$ cat run_38.cif   # mmCIF, C-alpha atoms
data_target
loop_
_atom_site.label_atom_id
_atom_site.label_comp_id
_atom_site.auth_asym_id
_atom_site.auth_seq_id
_atom_site.Cartn_x
_atom_site.Cartn_y
_atom_site.Cartn_z
CA MET A 72 -1.74 26.47 -9.51
CA THR A 73 -3.97 25.11 -6.78
CA ARG A 74 -4.65 26.79 -3.47
CA ILE A 75 -4.06 24.60 -0.42
CA GLU A 76 -4.57 25.10 3.28
CA LEU A 77 -3.16 22.65 5.75
CA THR A 78 -1.75 22.42 9.25
CA VAL A 79 1.98 21.79 9.60
CA ASN A 80 3.43 21.27 13.08
CA GLY A 81 0.36 22.87 14.57
CA GLU A 82 0.49 26.01 12.41
CA LYS A 83 -1.99 26.85 9.68
CA ARG A 84 -0.28 27.21 6.34
CA SER A 85 -1.73 28.16 3.00
CA GLY A 86 -0.55 29.05 -0.45
CA GLU A 87 -0.71 28.41 -4.16
CA VAL A 88 1.16 25.31 -5.32
CA GLU A 89 1.71 23.54 -8.58
CA PRO A 90 -0.33 20.31 -8.41
CA ARG A 91 2.75 18.22 -9.21
CA LEU A 92 4.67 19.59 -6.20
CA LEU A 93 5.54 16.72 -3.87
CA LEU A 94 4.79 17.12 -0.18
CA VAL A 95 8.47 16.66 0.71
CA HIS A 96 9.43 19.52 -1.61
CA TYR A 97 6.63 21.69 -0.22
CA LEU A 98 7.94 21.08 3.31
CA ARG A 99 11.60 21.58 2.46
CA GLU A 100 11.55 24.28 -0.17
CA VAL A 101 8.38 26.25 0.44
CA LEU A 102 8.19 26.04 4.23
CA GLY A 103 11.92 25.61 4.88
CA LEU A 104 11.37 22.52 7.05
CA ARG A 105 14.36 20.41 6.09
CA ALA A 106 14.18 17.52 8.57
CA ALA A 107 12.48 15.21 6.07
CA ASN A 108 15.18 14.15 3.61
CA VAL A 109 14.84 13.07 0.01
CA GLY A 110 16.71 9.80 -0.08
CA CYS A 111 15.73 7.24 -2.71
CA ASP A 112 12.79 9.28 -4.07
CA THR A 113 11.11 5.94 -4.91
CA THR A 114 8.99 5.16 -1.80
CA SER A 115 11.62 2.75 -0.51
CA CYS A 116 13.99 4.32 2.00
CA GLY A 117 11.65 6.23 4.31
CA ALA A 118 14.04 9.17 4.87
CA CYS A 119 11.16 11.51 3.92
CA THR A 120 8.72 10.01 6.46
CA VAL A 121 6.35 12.48 8.11
CA LEU A 122 3.03 12.06 9.90
CA LEU A 123 -0.12 12.79 7.91
CA ASN A 124 -3.12 12.85 10.24
CA GLY A 125 -1.01 10.94 12.74
CA LYS A 126 0.01 8.15 10.34
CA SER A 127 3.52 7.71 8.97
CA VAL A 128 3.74 8.35 5.23
CA LYS A 129 6.54 8.82 2.72
CA SER A 130 6.28 12.45 1.67
CA CYS A 131 8.11 11.80 -1.62
CA THR A 132 5.02 9.89 -2.75
CA VAL A 133 2.34 12.31 -1.62
CA LEU A 134 1.40 15.44 -3.56
CA ALA A 135 1.17 18.62 -1.53
CA VAL A 136 -2.39 19.02 -2.85
CA GLN A 137 -3.27 15.62 -1.36
CA ALA A 138 -2.38 17.00 2.07
CA ALA A 139 -4.81 19.91 1.72
CA GLY A 140 -7.06 20.22 4.75
CA GLN A 141 -4.98 17.74 6.70
CA GLU A 142 -2.41 17.74 9.49
CA VAL A 143 1.27 17.19 8.84
CA VAL A 144 3.91 16.73 11.52
CA THR A 145 7.63 16.73 10.74
CA ALA A 146 10.55 16.11 13.09
CA GLU A 147 10.71 19.88 13.67
CA GLY A 148 7.25 19.67 15.23
CA LEU A 149 8.04 16.96 17.78
CA SER A 150 9.89 18.85 20.46
CA ALA A 151 8.04 21.32 22.64
CA ASP A 152 9.57 24.11 24.71
CA GLY A 153 13.07 23.01 23.78
CA GLN A 154 12.54 19.55 25.26
CA LEU A 155 13.32 16.56 23.09
CA HIS A 156 10.41 14.28 22.31
CA PRO A 157 10.82 10.94 24.17
CA VAL A 158 11.63 9.23 20.85
CA GLN A 159 14.27 11.84 20.01
CA ALA A 160 15.73 11.52 23.52
CA ALA A 161 15.86 7.73 23.21
CA PHE A 162 17.64 7.93 19.84
CA ARG A 163 20.17 10.29 21.39
CA GLN A 164 20.62 8.23 24.56
CA ASN A 165 21.04 4.95 22.67
CA HIS A 166 23.09 6.42 19.84
CA GLY A 167 20.41 5.31 17.38
CA LEU A 168 22.19 6.91 14.45
CA GLN A 169 25.47 6.92 12.61
CA CYS A 170 25.52 9.40 9.72
CA GLY A 171 22.09 10.73 10.68
CA PHE A 172 20.57 10.89 7.20
CA CYS A 173 17.81 8.36 7.92
CA THR A 174 17.24 9.64 11.47
CA PRO A 175 14.36 12.11 10.96
CA GLY A 176 12.47 9.46 8.99
CA MET A 177 13.30 6.76 11.55
CA VAL A 178 12.10 9.01 14.37
CA MET A 179 8.85 9.89 12.61
CA ALA A 180 8.20 6.25 11.68
CA THR A 181 8.83 5.36 15.34
CA VAL A 182 6.41 7.99 16.62
CA GLY A 183 3.80 6.59 14.23
CA LEU A 184 4.58 3.00 15.24
CA LEU A 185 4.33 3.70 18.98
CA ALA A 186 1.04 5.53 18.48
CA GLU A 187 -0.38 2.35 16.94
CA ASN A 188 1.44 -0.11 19.20
CA PRO A 189 2.79 1.44 22.42
CA HIS A 190 4.35 -1.84 23.61
CA PRO A 191 6.04 -3.43 20.60
CA THR A 192 8.26 -6.49 20.84
CA GLU A 193 11.67 -6.31 19.21
CA GLN A 194 10.28 -8.24 16.24
CA GLN A 195 7.39 -5.79 15.93
CA VAL A 196 9.84 -2.89 16.02
CA ARG A 197 11.88 -4.44 13.20
CA GLU A 198 8.75 -5.09 11.13
CA GLY A 199 7.33 -1.68 12.01
CA LEU A 200 10.44 0.02 10.65
CA GLU A 201 10.76 -2.12 7.53
CA GLY A 202 9.91 0.93 5.44
CA ASN A 203 13.00 2.79 6.66
CA LEU A 204 16.49 2.02 5.45
CA CYS A 205 19.68 2.98 7.30
CA ARG A 206 22.48 3.23 4.77
CA CYS A 207 25.00 2.79 7.59
CA THR A 208 23.17 -0.44 8.55
CA GLY A 209 23.02 0.82 12.12
CA TYR A 210 19.81 -0.99 12.93
CA HIS A 211 20.90 -2.48 16.25
CA ASN A 212 20.93 0.80 18.17
CA ILE A 213 17.88 2.10 16.30
CA VAL A 214 15.86 -0.88 17.51
CA ALA A 215 17.28 -0.42 21.03
CA ALA A 216 16.27 3.25 20.89
CA VAL A 217 12.70 2.43 19.86
CA LEU A 218 12.33 -0.12 22.65
CA ALA A 219 13.76 2.41 25.13
CA ALA A 220 11.36 5.07 23.85
CA ALA A 221 8.43 2.69 24.36
CA ASP A 222 9.54 2.13 27.95
CA ALA A 223 10.05 5.84 28.51
CA GLU A 224 6.63 6.76 27.13
CA VAL A 225 5.03 4.13 29.35
CA SER A 226 6.72 5.51 32.47
CA ALA A 227 6.26 9.16 31.44
CA MET B 180 11.95 13.28 -9.61
CA ILE B 181 9.08 15.53 -10.54
CA PRO B 182 5.99 14.32 -12.41
CA ALA B 183 5.05 15.94 -15.70
CA PRO B 184 2.53 18.78 -15.28
CA PHE B 185 -1.14 17.92 -14.97
CA GLU B 186 -4.40 19.57 -14.07
CA TYR B 187 -5.75 18.60 -10.64
CA PHE B 188 -9.34 18.20 -9.51
CA ALA B 189 -10.41 17.13 -6.02
CA ALA B 190 -13.67 15.25 -6.60
CA GLY B 191 -16.43 16.24 -4.21
CA SER B 192 -18.25 12.92 -4.56
CA ALA B 193 -18.09 9.64 -6.48
CA GLY B 194 -20.65 11.07 -8.92
CA HIS B 195 -18.52 14.17 -9.42
CA ALA B 196 -15.49 11.96 -10.13
CA ILE B 197 -17.44 10.09 -12.81
CA GLU B 198 -18.56 13.40 -14.36
CA LEU B 199 -14.97 14.59 -14.44
CA LEU B 200 -13.89 11.29 -16.02
CA ALA B 201 -16.55 11.67 -18.70
CA GLU B 202 -15.41 15.23 -19.35
CA HIS B 203 -11.70 14.50 -19.63
CA GLY B 204 -11.78 11.01 -21.12
CA ASP B 205 -8.56 9.16 -21.81
CA GLU B 206 -6.41 12.04 -20.57
CA ALA B 207 -7.60 11.64 -17.00
CA LYS B 208 -6.52 9.25 -14.26
CA LEU B 209 -8.09 8.72 -10.87
CA LEU B 210 -5.86 9.34 -7.87
CA ALA B 211 -6.53 7.78 -4.47
CA GLY B 212 -3.49 6.85 -2.35
CA GLY B 213 -1.24 7.41 -5.34
CA HIS B 214 1.22 4.71 -4.37
CA SER B 215 1.13 3.01 -7.75
CA LEU B 216 0.38 6.04 -9.91
CA LEU B 217 2.73 8.67 -8.47
CA PRO B 218 5.88 6.49 -8.75
CA MET B 219 4.96 5.84 -12.39
CA MET B 220 4.38 9.55 -12.97
CA LYS B 221 7.72 10.43 -11.36
CA LEU B 222 9.43 8.03 -13.78
CA ARG B 223 7.31 9.48 -16.63
CA LEU B 224 5.95 6.02 -17.32
CA ALA B 225 2.57 7.67 -16.88
CA MET B 226 1.85 11.26 -17.93
CA PRO B 227 -1.87 11.87 -17.43
CA GLU B 228 -2.98 15.39 -18.28
CA VAL B 229 -5.65 15.38 -15.58
CA LEU B 230 -5.72 13.85 -12.09
CA ILE B 231 -9.06 13.38 -10.35
CA ASP B 232 -8.46 12.95 -6.63
CA ILE B 233 -10.91 10.62 -4.89
CA GLY B 234 -8.63 9.94 -1.91
CA SER B 235 -10.62 12.02 0.56
CA LEU B 236 -14.08 10.72 -0.32
CA ASP B 237 -15.46 9.12 2.84
CA GLU B 238 -18.32 7.58 0.86
CA LEU B 239 -15.82 5.29 -0.89
CA ALA B 240 -14.01 4.10 2.26
CA GLY B 241 -14.86 1.52 4.89
CA VAL B 242 -16.00 -2.07 5.32
CA SER B 243 -19.54 -3.33 5.81
CA ALA B 244 -21.44 -6.61 5.62
CA ASP B 245 -24.13 -7.17 3.01
CA CYS B 246 -25.87 -10.57 3.33
CA ASP B 247 -23.22 -13.17 2.55
CA GLU B 248 -20.60 -10.70 1.34
CA LEU B 249 -18.27 -8.08 2.76
CA VAL B 250 -18.32 -4.79 0.88
CA ILE B 251 -15.06 -2.88 0.98
CA GLY B 252 -14.99 0.69 -0.26
CA ALA B 253 -12.46 1.37 -3.00
CA THR B 254 -10.46 3.93 -1.03
CA THR B 255 -10.12 1.72 2.03
CA ARG B 256 -6.44 1.82 2.85
CA HIS B 257 -4.36 -1.34 3.27
CA ALA B 258 -3.65 -0.58 6.96
CA ASP B 259 -7.38 -0.16 7.68
CA LEU B 260 -8.22 -3.35 5.79
CA ALA B 261 -5.55 -5.28 7.71
CA ALA B 262 -6.84 -3.92 11.04
CA SER B 263 -10.58 -4.36 10.35
CA ASP B 264 -12.13 -6.78 12.86
CA LEU B 265 -14.82 -7.66 10.33
CA VAL B 266 -12.33 -8.51 7.59
CA ARG B 267 -10.04 -10.38 9.99
CA ALA B 268 -12.97 -12.51 11.16
CA GLU B 269 -14.76 -13.14 7.87
CA ALA B 270 -12.13 -12.81 5.14
CA PRO B 271 -8.86 -13.35 7.03
CA LEU B 272 -6.94 -14.07 3.83
CA LEU B 273 -7.72 -10.54 2.63
CA ALA B 274 -6.67 -8.93 5.92
CA HIS B 275 -3.44 -10.92 5.83
CA ALA B 276 -2.77 -9.98 2.19
CA ALA B 277 -3.33 -6.29 2.98
CA ALA B 278 -0.77 -6.55 5.77
CA GLN B 279 1.80 -7.94 3.30
CA VAL B 280 1.70 -4.95 0.95
CA GLY B 281 4.88 -2.85 0.98
CA ASP B 282 5.66 -1.40 4.39
CA PRO B 283 3.71 0.50 7.07
CA GLN B 284 3.97 3.89 5.36
CA ILE B 285 2.79 2.42 2.06
CA ARG B 286 -0.10 0.65 3.80
CA HIS B 287 -1.16 3.97 5.35
CA ARG B 288 -1.65 5.46 1.87
CA GLY B 289 -2.35 2.68 -0.63
CA THR B 290 -5.96 1.69 -1.30
CA ILE B 291 -7.56 -1.59 -2.32
CA GLY B 292 -9.26 0.00 -5.33
CA GLY B 293 -6.00 1.50 -6.48
CA SER B 294 -4.07 -1.73 -6.12
CA LEU B 295 -6.72 -3.74 -8.00
CA SER B 296 -7.04 -1.13 -10.77
CA HIS B 297 -3.27 -0.97 -11.17
CA ALA B 298 -3.36 -4.78 -11.64
CA ASP B 299 0.28 -5.59 -11.11
CA PRO B 300 0.34 -9.39 -11.52
CA ALA B 301 2.94 -9.60 -8.72
CA ALA B 302 0.83 -7.67 -6.21
CA ASP B 303 -0.86 -9.07 -3.11
CA LEU B 304 -4.44 -7.87 -3.35
CA PRO B 305 -5.22 -8.96 -6.94
CA MET B 306 -4.08 -12.47 -6.05
CA ALA B 307 -6.10 -12.40 -2.83
CA LEU B 308 -9.26 -11.26 -4.65
CA VAL B 309 -8.92 -14.08 -7.20
CA ALA B 310 -8.34 -16.66 -4.45
CA LEU B 311 -11.41 -15.43 -2.58
CA GLY B 312 -13.59 -15.46 -5.69
CA GLY B 313 -14.54 -11.84 -5.05
CA SER B 314 -15.85 -9.21 -7.41
CA VAL B 315 -15.58 -5.48 -8.06
CA GLN B 316 -18.30 -2.86 -8.48
CA LEU B 317 -17.67 -0.47 -11.34
CA GLN B 318 -19.64 2.71 -11.83
CA GLY B 319 -19.76 4.65 -15.08
CA PRO B 320 -21.98 7.28 -16.68
CA GLY B 321 -24.27 4.48 -17.92
CA GLY B 322 -24.70 2.85 -14.52
CA ALA B 323 -23.09 0.24 -12.31
CA ARG B 324 -21.87 -3.28 -13.07
CA LEU B 325 -20.36 -6.08 -11.06
CA VAL B 326 -17.37 -7.96 -12.49
CA ASP B 327 -15.97 -11.20 -11.07
CA ALA B 328 -12.30 -11.19 -10.13
CA ASP B 329 -11.63 -13.89 -12.73
CA ASP B 330 -12.90 -11.55 -15.45
CA PHE B 331 -11.61 -8.26 -14.06
CA PHE B 332 -7.92 -8.92 -14.62
CA VAL B 333 -7.15 -8.97 -18.33
CA GLY B 334 -3.37 -8.75 -18.72
CA TYR B 335 -0.28 -6.90 -17.53
CA PHE B 336 -1.56 -3.82 -15.71
CA GLU B 337 -4.79 -4.19 -17.67
CA THR B 338 -8.30 -4.68 -16.33
CA ALA B 339 -11.91 -4.64 -17.52
CA LEU B 340 -12.26 -1.13 -16.05
CA GLN B 341 -13.22 1.29 -18.81
CA PRO B 342 -11.68 4.79 -18.99
CA ASP B 343 -14.97 6.38 -17.91
CA GLU B 344 -15.55 4.01 -14.99
CA LEU B 345 -14.74 4.27 -11.30
CA LEU B 346 -14.12 1.18 -9.18
CA THR B 347 -16.35 1.97 -6.20
CA ALA B 348 -16.23 -1.18 -4.06
CA VAL B 349 -14.89 -4.70 -3.69
CA ARG B 350 -17.06 -7.63 -2.64
CA VAL B 351 -15.75 -10.84 -1.09
CA PRO B 352 -17.65 -13.80 0.36
CA ARG B 353 -18.02 -13.94 4.15
CA ARG B 354 -16.32 -17.14 5.21
CA PRO B 355 -15.54 -17.15 8.92
CA GLY B 356 -13.54 -20.20 9.95
CA VAL B 357 -12.74 -21.38 6.43
CA ALA B 358 -9.11 -22.50 6.12
CA TRP B 359 -6.78 -20.40 4.02
CA GLY B 360 -3.11 -20.21 3.09
CA TYR B 361 -0.91 -17.40 1.84
CA GLN B 362 2.73 -17.52 0.83
CA LYS B 363 4.88 -15.15 -1.11
CA PHE B 364 8.52 -15.40 -1.92
CA VAL B 365 10.48 -12.16 -1.96
CA ARG B 366 14.17 -11.37 -1.97
CA ARG B 367 13.88 -8.25 0.20
CA SER B 368 11.27 -7.42 2.80
CA ASN B 369 9.15 -4.96 0.82
CA ASP B 370 9.64 -6.34 -2.68
CA TRP B 371 6.84 -7.55 -4.90
CA ALA B 372 6.47 -11.32 -5.00
CA ILE B 373 8.82 -13.32 -7.19
CA VAL B 374 6.05 -15.84 -6.83
CA GLY B 375 3.03 -15.94 -4.55
CA VAL B 376 0.17 -18.29 -3.83
CA ALA B 377 -3.09 -17.78 -1.97
CA ALA B 378 -5.63 -20.53 -1.37
CA THR B 379 -9.02 -20.79 0.28
CA GLY B 380 -12.33 -22.55 -0.28
CA GLY B 381 -10.94 -24.82 -3.01
CA ARG B 382 -9.55 -21.94 -5.06
CA ILE B 383 -5.83 -21.36 -5.56
CA ALA B 384 -4.47 -18.12 -7.03
CA LEU B 385 -0.92 -17.39 -8.11
CA ALA B 386 0.92 -14.07 -8.25
CA ASN B 387 3.55 -13.26 -10.86
CA MET B 388 3.18 -16.54 -12.76
CA GLY B 389 1.77 -14.79 -15.80
CA PRO B 390 0.35 -11.49 -17.05
CA LYS B 391 -2.39 -11.45 -14.42
CA PRO B 392 -3.19 -13.30 -11.20
CA LEU B 393 -3.86 -16.85 -12.33
CA ARG B 394 -5.89 -19.74 -10.99
CA ALA B 395 -3.93 -22.95 -10.42
CA THR B 396 -6.72 -24.94 -11.97
CA ALA B 397 -4.86 -28.28 -12.17
CA ALA B 398 -4.07 -28.11 -8.47
CA GLU B 399 -7.66 -27.02 -7.69
CA GLN B 400 -8.98 -30.02 -9.62
CA ALA B 401 -6.58 -32.35 -7.82
CA LEU B 402 -7.80 -31.03 -4.48
CA ALA B 403 -11.44 -31.30 -5.53
CA ALA B 404 -10.78 -34.90 -6.59
CA GLY B 405 -9.61 -35.70 -3.08
CA ALA B 406 -5.88 -35.10 -3.24
CA THR B 407 -4.50 -34.28 0.17
CA PRO B 408 -1.54 -32.11 0.94
CA ARG B 409 1.41 -34.25 1.98
CA GLY B 410 4.88 -34.07 3.40
CA GLY B 411 4.21 -31.14 5.68
CA ARG B 412 4.26 -28.79 2.73
CA GLY B 413 0.54 -28.17 2.69
CA VAL B 414 -1.05 -27.31 -0.60
CA CYS B 415 2.35 -26.19 -1.82
CA GLY B 416 3.29 -29.88 -2.08
CA ARG B 417 1.14 -29.83 -5.21
CA GLY B 418 3.21 -27.04 -6.67
CA HIS B 419 4.15 -29.05 -9.75
CA LEU B 420 0.49 -28.87 -10.72
CA ALA B 421 0.27 -25.15 -9.96
CA ARG B 422 3.00 -24.35 -12.44
CA ARG B 423 1.44 -26.37 -15.22
CA GLY B 424 0.79 -24.14 -18.19
CA HIS B 425 2.28 -21.04 -16.62
CA ALA B 426 5.45 -19.20 -17.57
CA ARG B 427 7.62 -16.85 -15.62
CA ARG B 428 7.10 -13.18 -16.30
CA PRO B 429 9.61 -11.96 -18.91
CA GLY B 430 12.46 -9.93 -17.50
CA LEU B 431 11.85 -11.02 -13.94
CA PRO B 432 15.04 -11.48 -11.94
CA ALA B 433 15.70 -15.09 -11.05
CA ALA B 434 15.59 -16.09 -7.42
CA PRO B 435 18.93 -16.97 -5.83
CA GLY B 436 19.91 -20.45 -6.96
CA GLU B 437 17.04 -20.64 -9.43
CA GLY B 438 17.71 -22.37 -12.69
CA PRO B 439 16.14 -21.72 -16.07
CA ASP B 440 12.85 -23.30 -14.99
CA PRO B 441 10.03 -21.01 -13.94
CA PRO B 442 9.46 -20.66 -10.21
CA ARG B 443 7.18 -23.11 -8.52
CA ALA B 444 4.34 -22.11 -6.31
#

$ encode --input "run_38.cif" --output "structure tokens"
Amino acid sequence: MTRIELTVNGEKRSGEVEPRLLLVHYLREVLGLRAANVGCDTTSCGACTVLLNGKSVKSCTVLAVQAAGQEVVTAEGLSADGQLHPVQAAFRQNHGLQCGFCTPGMVMATVGLLAENPHPTEQQVREGLEGNLCRCTGYHNIVAAVLAAADAEVSA
Amino acid sequence: MIPAPFEYFAAGSAGHAIELLAEHGDEAKLLAGGHSLLPMMKLRLAMPEVLIDIGSLDELAGVSADCDELVIGATTRHADLAASDLVRAEAPLLAHAAAQVGDPQIRHRGTIGGSLSHADPAADLPMALVALGGSVQLQGPGGARLVDADDFFVGYFETALQPDELLTAVRVPRRPGVAWGYQKFVRRSNDWAIVGVAATGGRIALANMGPKPLRATAAEQALAAGATPRGGRGVCGRGHLARRGHARRPGLPAAPGEGPDPPRA
């Protein structure tokens, strides 16, 4: 077992983990944060996307021990005081989901994308989300939601 | 999928990592971004008994200029390489190649040293390093050595890196303003190349045309002898020369509409 300390959604967390424990399993099973989903489990679908030090990563391909000393944000950590994050609000407003399985990963990838490029073109949104698969193929409204979120964050 | 159990060490420095490698020998693997190694471990294609984590070592990350070369730390991540003003200005082929790896999340984690050490013949950065005529710095208990890209890649997922050595940095020539080209053919957006070609400064490298990134020497010689790209297809118009002597990787899925012939660059 290896002792880790890290920050998750602004809270300090620590504990003993098996080195082979994946970050997504640490979040879901140890901390009970179940927004990040295990989809393909092969670094393809992006359903497990979280922010690690502000950058989008696939938490099925990161060991919990690799996140030691770092900051993790999951979809649970986006909203403050019961208010939806602008990206969450835009997904809701634009119906940027169908079954919802990919949504937490899409939202986290979008937050990461807009942090790097606050004014993406539609093409940049599509390329920026190429690491996230929607099994319902509902990309049209997802892209619309991201563009709306970019506008909202600019005017906010 | 859960990897097989292993012992984990977070190296405190590059020197510490080399000491740990010497101590644990063949049973140990270095871990940086983990985006080649962890998928293999999850599939139990790799079952190292010891992982030595160098992913947080600042001394191994970053880009700097050294005389006529750029020096890129081994744990420089693809996204940082793609965004580096220095790399974009002086080795634009490398910045472009880094931006072609996987997807944004993968580029936030994967490192140049990891990609080169993994040595997938279909990958972007090995091909780019061969096209650029770069080299890698390897550090072991007996000291450091510099290995040219042409000698570093040995075969499928096999390099000149010894089990007790750490790849510390990558060196590429500074060539602002020199023309370059980069093409890769994929079936889906974040697939590895079915075939890829990178060219600059009279060198042409091919991805996935053999067990390691290969030089298209016949096409290079044709260019050096004054052949000019024709028909609006650029250097790729000489693709029949690029495929000379090369065979498609066994077991590779054929491209849509592709016949029994190997792919052309």

$ residues_around --input "run_38.cif" --residues "B:Val349" --least-positions-apart "3" --cutoff "7 Å" --atoms "only C-alpha atoms" --output "list in words"
Val250, Ile251, Gly252, Ala253, Ser314, Val315 and Gln316 of chain B

$ residues_near_point --input "run_38.cif" --point "(-25.1, 0.5, -8.4)" --cutoff "12 Å" --atoms "all atoms listed in the file" --output "PyMOL selection string"
chain B and resi 193-194+315-325+345-348

$ closest_atom_pairs --input "run_38.cif" --of "chain B" --to "chain A" --cutoff "10 Å" --atoms "only C-alpha atoms" --output "tab-separated table"
residue	atom	partner	partner_atom	distance
B:Met180	CA	A:Asp112	CA	6.9
B:Ile181	CA	A:Arg91	CA	7.0
B:Pro182	CA	A:Arg91	CA	6.0
B:Ala183	CA	A:Arg91	CA	7.3
B:Pro184	CA	A:Arg91	CA	6.1
B:Phe185	CA	A:Arg91	CA	7.0
B:Glu186	CA	A:Pro90	CA	7.0
B:Tyr187	CA	A:Pro90	CA	6.1
B:Phe188	CA	A:Thr73	CA	9.2
B:Ala189	CA	A:Gln137	CA	8.7
B:Leu210	CA	A:Gln137	CA	9.4
B:Ala211	CA	A:Gln137	CA	9.0
B:Gly212	CA	A:Val133	CA	8.0
B:Gly213	CA	A:Val133	CA	7.1
B:His214	CA	A:Thr132	CA	6.6
B:Ser215	CA	A:Thr132	CA	9.4
B:Leu216	CA	A:Thr132	CA	9.4
B:Leu217	CA	A:Thr132	CA	6.3
B:Pro218	CA	A:Thr113	CA	6.5
B:Met219	CA	A:Thr113	CA	9.7
B:Met220	CA	A:Arg91	CA	9.6
B:Lys221	CA	A:Thr113	CA	8.6
B:Leu222	CA	A:Thr113	CA	9.3
B:Leu230	CA	A:Pro90	CA	9.2
B:Asp232	CA	A:Gln137	CA	7.9
B:Ile233	CA	A:Gln137	CA	9.8
B:Gly234	CA	A:Gln137	CA	7.8
B:Ser235	CA	A:Gln137	CA	8.4
B:Gly281	CA	A:Gly202	CA	7.7
B:Asp282	CA	A:Gly202	CA	5.0
B:Pro283	CA	A:Gly202	CA	6.4
B:Gln284	CA	A:Val128	CA	4.5
B:Ile285	CA	A:Val128	CA	6.8
B:Arg286	CA	A:Val128	CA	8.7
B:His287	CA	A:Val128	CA	6.6
B:Arg288	CA	A:Val128	CA	7.0
B:Ser368	CA	A:Glu201	CA	7.1
B:Asn369	CA	A:Glu201	CA	7.5
B:Asp370	CA	A:Ser115	CA	9.6

$ residues_around --input "run_38.cif" --residues "A:Cys207" --least-positions-apart "4" --cutoff "12 Å" --atoms "all atoms listed in the file" --output "mmCIF file with C-alpha atoms, keeping the file's coordinate frame"
data_model
loop_
_atom_site.group_PDB
_atom_site.id
_atom_site.type_symbol
_atom_site.label_atom_id
_atom_site.label_comp_id
_atom_site.auth_asym_id
_atom_site.auth_seq_id
_atom_site.Cartn_x
_atom_site.Cartn_y
_atom_site.Cartn_z
ATOM 1 C CA GLY A 167 20.410 5.310 17.380
ATOM 2 C CA LEU A 168 22.190 6.910 14.450
ATOM 3 C CA GLN A 169 25.470 6.920 12.610
ATOM 4 C CA CYS A 170 25.520 9.400 9.720
ATOM 5 C CA GLY A 171 22.090 10.730 10.680
ATOM 6 C CA PHE A 172 20.570 10.890 7.200
ATOM 7 C CA CYS A 173 17.810 8.360 7.920
ATOM 8 C CA THR A 174 17.240 9.640 11.470
ATOM 9 C CA HIS A 211 20.900 -2.480 16.250
ATOM 10 C CA ASN A 212 20.930 0.800 18.170
ATOM 11 C CA ILE A 213 17.880 2.100 16.300
#

$ resolve_selection --input "run_38.cif" --expression "the PyMOL selection byres ((chain A and resi 104) around 12)" --output "ChimeraX atom specification"
/A:79-80,94-103,105-108,119,121,143-148,175

$ resolve_selection --input "run_38.cif" --expression "the PyMOL selection byres ((chain B and resi 270-272) around 8)" --output "number ranges by chain"
B: 265-269, 273-276, 307, 311, 351-355, 359-361, 377, 379

$ atom_distance --input "run_38.cif" --atom1 "atom CA of A:Asp152" --atom2 "atom CA of A:Ile75"
28.6 Å

$ atom_distance --input "run_38.cif" --atom1 "atom CA of B:Thr338" --atom2 "atom CA of B:Gly293"
11.9 Å

$ atom_distance --input "run_38.cif" --atom1 "atom CA of B:His257" --atom2 "atom CA of B:Met226"
25.4 Å

$ closest_residue --input "run_38.cif" --among "B:Ser192, B:Ser243, B:Gln279, B:Asn387" --to "B:Asp264" --atoms "all atoms listed in the file"
B:Ser243

$ closest_residue --input "run_38.cif" --among "B:His195, B:Leu200, B:Pro392, B:Glu248" --to "B:Pro305" --atoms "all atoms listed in the file"
B:Pro392

$ axis_aligned_box --input "run_38.cif" --around "stretch 403-406 of chain B" --padding-each-side "6 Å" --output "JSON"
{"center_x": -8.7, "center_y": -33.5, "center_z": -4.8, "size_x": 17.6, "size_y": 16.4, "size_z": 15.5}

$ closest_residue --input "run_38.cif" --among "B:Leu385, B:Leu209, B:Ala378, B:Leu239" --to "B:Phe364" --atoms "all atoms listed in the file"
B:Leu385

$ resolve_selection --input "run_38.cif" --expression "the PyMOL selection byres ((chain B and resi 261) around 7)" --output "JSON, numbers by chain"
{"B": [257, 258, 259, 260, 262, 263, 274, 275, 277, 278]}
